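**Student:** First, the structure itself, so that you have it in front of you.
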Amino acid sequence: MRIIAGEFRGRTLLAPKGDGTRPTTDRVRESVMSTVFSARGGFEDAMVLDAFAGSGALGLEALSRGAARAVFYERAPEAVKVLQKNVEKMGLEPRRATVTRADVLERAPQFSRPPFDLVFLDPPYAYAAADVLGMVAGLVERGVAASDALVVYEHALASNDEAAAAAAECGFELASRKKYGDTTVDVLCASACAD
């Protein structure tokens, strides 16, 4: 895996060993970044939450393209070590990239100033969409995420109906949905960005 574009373009990323994580392929990551670029008008000044970070590829790609700051959540010890090495390889200062070893569903962020306005969700496919999106809805409700936050949610193709229902129930509007093999990537808006 490599950073595709921006300040860190071409730098290689380590990936956790084993099948405990499922790295987003370069092809899917490039498509996601193009979609986010179009939806936001770029990455400048973005406050990013990479909630199920794994190697950190999504958040690091956003930082490379101009995001102001990224907070990475990962619970697997091996993945956290790899993520920290990837952050160090980019030479990022702690004020731009923070790694938190925790399950984001159990210990969601309590504070972000300014609030997160770009949230990447690439959880294990076994996680229920209602739990994952409910966590983000809670962040919006508490002002930890912006009322117009953009949410990128990667999930199994088989769970499309469940994801759509959970998004609607949590107050998110589906801006786009793209399919890549057995994976779907939904780009969701918190209700204020749909107005």
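Simple scheme: letters A, B, ... for chains in structure tokens order, numbers from 1 for residues in each chain, numbers from 1 for ligands in the order shown.
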What residues in chain A get the DSSP label strand (DSSP E)? Please answer as an MDAnalysis selection string.
**Tutor:** chainID A and resid 47:50 69:74 97:101 116:121 145:156 172:180 183:190
**Student:** So that I can check the secondary structure, give me every residue of chain A assigned helix (DSSP H, G or I) by backbone DSSP, as a ChimeraX atom specification.
**Tutor:** /A:26-40,57-64,77-89,129-142,157-169,191-194
**Student:** Kindly indicate which residue among A:Arg40, A:Arg2, A:Arg75, A:Arg29 lies nearest to A:Ala175, using only C-alpha atoms for the distances.
**Tutor:**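 Selected residue with least distance to A:Ala175: A:Arg40.
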**Student:** Pick the closest to A:Val140 from A:Ala102, A:Ala156, A:Leu83, A:Ala190: which is it, counting only C-alpha atoms?
**Tutor:** A:Ala190
**Student:** In terms of the shortest atom-to-atom distance over only C-alpha atoms, which of A:Arg142, A:Ala67, A:Gln110, A:Glu7 is closest to A:Gly91?
**Tutor:** A:Glu7
**Student:** Quick one: residues within 9 Å of stretch 116-131 of chain A, only C-alpha atoms, excluding same-chain residues fewer than 6 positions away - as a PyMOL selection string?
**Tutor:** chain A and resi 20-24+36+46-54+58-59+70+105+139-140+143-156+159+162-167+169-170
**Student:** For a quick check of understanding, using only C-alpha atoms, which of A:Asn160, A:Thr184, A:Asn86, A:Ser34 has the smallest distance to A:Phe72?
**Tutor:**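 Ranked by minimum distance to A:Phe72, first place goes to A:Asn86.
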**Student:** Contacts of A:Ala5 at 10 Å or less, counting only C-alpha atoms, minus same-chain residues fewer than 5 places along, as an MDAnalysis selection string?
**Tutor:** chainID A and resid 10:11 30 33 61:62 64:65
**Student:** Write a file of the just-selected residues containing C-alpha atoms, as a PDB file, in the first residue's frame.
**Tutor:**
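New file again_15.pdb:
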```
ATOM      1  CA  GLY A  10       4.346   7.438  -3.010  1.00  0.00           C
ATOM      2  CA  ARG A  11       5.296   6.697   0.608  1.00  0.00           C
ATOM      3  CA  GLU A  30      -8.571   6.549  -4.618  1.00  0.00           C
ATOM      4  CA  MET A  33     -10.858  10.286  -1.915  1.00  0.00           C
ATOM      5  CA  GLU A  61      -4.355   9.854   2.772  1.00  0.00           C
ATOM      6  CA  ALA A  62      -6.639  12.698   3.908  1.00  0.00           C
ATOM      7  CA  SER A  64      -1.537  13.994   2.712  1.00  0.00           C
ATOM      8  CA  ARG A  65      -4.194  15.811   0.687  1.00  0.00           C
TER       9      ARG A  65
END
```
**Student:** Which value, in Å to one decimal, gives the distance between atom CA of A:Tyr73 and atom CA of A:Thr100?
**Tutor:**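 Taking atom CA of A:Tyr73 and atom CA of A:Thr100, their separation equals 4.9 Å.
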